[in-house]
Each structure stands twice: as C-alpha cells, then as structure tokens.
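A.B. asks: Below: one structure in structure tokens.
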Amino acid sequence: MIRTIVSIFVSLALIIGVAVFENLHIRQTFELFSQALESLYEKTESGTVTHEDGVAVETFWEKRKRTLHIWLPHTAILEIDYQLYEAVGYLYVQDFESAMPKIEILQGMCENIPQSYRFSLENIL
C-alpha cells in the first residue's frame, strides 16, 4: 500500500516536472527566436538587411526546431518554416516590402504558439 502511494506521488512529480520543463523550453526558444526576428525586422525596415542576416535567423531556427518536434505539432513547425523560408527568399531578391509582412507573421506566431502550451485555465478547458 505504501509503495503504491509513493509510486503515485513519484509519477505525479515526474509528470509535473516534464510539463514545467516543456513550458520553459518552449517559452525560452520562442523568446530567443522572437529577438532574432525583431532584429531582422528592424534591419529590413531600415533597408540595411542582407540575405546573410536572413540565413543566420534561418540557421538559428533550424538548430532550435530539432528539440521542438518533441513538444509541438509538426504543422506548427512547418508553418514557421514556410513563412521563414519565404521571408528569406524575399530578402535574397531584395524585396524588403514583401519580406516585412512575413517577418511580422513570424513574430505573431512567436507570441501565440507558446501561449497555447502554458499552464492556464483556458488551455485546460
């Protein structure tokens, strides 16, 4: 009986620990990605952006998304990939006016996706 109660508490602690780690990891990753996008947006707005700046953000995202596949649906990651690749493509042809809305979409996704995985009543019900 005691072992059963202890195993229940250990299991509960493990579940809570993994949930907290997941929440922190997702939030931290998207905060860093959002900062990189903010810098890219500012450079695009001022016209000082280069294709290499976009590739640097793309490389950053490629490294970070490997661990996100564990926690997030693949469709969310694919949508970010699509928007980012399109924005970098616009930077390659120096179409800054078309790249800016794509970067704005990515910034919005950086706000919305972590909110979908945080501990809140609206996400439970």
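Each chain in the structure tokens gets a letter, A, B and so on, in the order shown; residues start at 1 in every chain, and ligands are counted from 1 in the order they appear.
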Please identify all polymer residues within 12 Å of A:Ile70, counting only C-alpha atoms, omitting same-chain residues fewer than 4 positions from it, and present them as a PDB file with C-alpha atoms, in the first residue's frame.
C.D. replies:
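around.pdb written:
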ATOM      1  CA  VAL A  18       8.256  17.263 -17.503  1.00  0.00           C
ATOM      2  CA  GLU A  22       8.289  21.658 -21.620  1.00  0.00           C
ATOM      3  CA  HIS A  25      11.790  25.193 -23.040  1.00  0.00           C
ATOM      4  CA  ILE A  26       9.109  26.302 -25.487  1.00  0.00           C
ATOM      5  CA  ARG A  64      16.235  25.094 -32.283  1.00  0.00           C
ATOM      6  CA  LYS A  65      13.394  23.315 -34.053  1.00  0.00           C
ATOM      7  CA  ARG A  66      15.011  19.897 -33.654  1.00  0.00           C
ATOM      8  CA  HIS A  74       4.670  19.278 -36.848  1.00  0.00           C
ATOM      9  CA  ILE A  77       6.761  23.986 -37.122  1.00  0.00           C
TER      10      ILE A  77
END
A.B. asks: Kindly assemble as JSON lines a list of the stretch 18-70 of chain A residues that lie within 7 Å of stretch 92-111 of chain A, each paired with its nearest atom pair and their distance in Å to one decimal, using only C-alpha atoms, sorted first by chain and then by ascending residue number.
C.D. replies:
{"residue": "A:Phe30", "atom": "CA", "partner": "A:Cys110", "partner_atom": "CA", "distance": 5.5}
{"residue": "A:Ser34", "atom": "CA", "partner": "A:Gln107", "partner_atom": "CA", "distance": 5.9}
{"residue": "A:Leu37", "atom": "CA", "partner": "A:Gln107", "partner_atom": "CA", "distance": 6.7}
{"residue": "A:Tyr41", "atom": "CA", "partner": "A:Ile103", "partner_atom": "CA", "distance": 6.4}
{"residue": "A:Thr44", "atom": "CA", "partner": "A:Phe96", "partner_atom": "CA", "distance": 6.1}
{"residue": "A:His51", "atom": "CA", "partner": "A:Tyr92", "partner_atom": "CA", "distance": 5.0}
A.B. asks: Produce a file of the selected residues containing N, CA and C atoms, as a compact mmCIF listing (two decimals), in the first residue's frame.
C.D. replies:
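Output file selection-v2.txt follows:
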# COMPACT_ATOMS: atom_id res chain seq x y z
N PHE A 30 11.13 30.34 -28.09
CA PHE A 30 10.41 31.34 -28.87
C PHE A 30 10.77 32.76 -28.47
N SER A 34 12.12 35.16 -31.26
CA SER A 34 11.44 36.45 -31.42
C SER A 34 12.45 37.60 -31.42
N LEU A 37 14.10 37.65 -34.76
CA LEU A 37 13.18 38.19 -35.76
C LEU A 37 13.02 39.70 -35.62
N TYR A 41 13.70 42.27 -38.50
CA TYR A 41 12.66 43.21 -38.93
C TYR A 41 13.18 44.64 -38.94
N THR A 44 15.41 45.10 -41.84
CA THR A 44 14.62 45.11 -43.08
C THR A 44 13.92 46.45 -43.24
N HIS A 51 20.94 39.23 -47.26
CA HIS A 51 20.45 37.85 -47.31
C HIS A 51 21.09 37.01 -46.22
A.B. asks: Using only C-alpha atoms, which of the listed residues (A:Leu68, A:Gly89, A:Asp53, A:Leu78) sits closest to A:Gln28?
C.D. replies: A:Leu68
A.B. asks: Atom CA of A:Ala87 and atom CA of A:Val55 are how many Å apart?
C.D. replies: 10.1 Å
A.B. asks: Closest to A:Glu31 among A:Ile15, A:Val49, A:Ile113, A:Gln83, using only C-alpha atoms?
C.D. replies: A:Ile113
A.B. asks: Find the residues near A:Asp81: any atom within 9 Å, counting only C-alpha atoms, skip ones fewer than 5 places away on the same chain, and give them as a list in words.
C.D. replies: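 Within the cut-off, the hits are Glu58, Trp61, Glu62, Ala76 and Glu86 of chain A.
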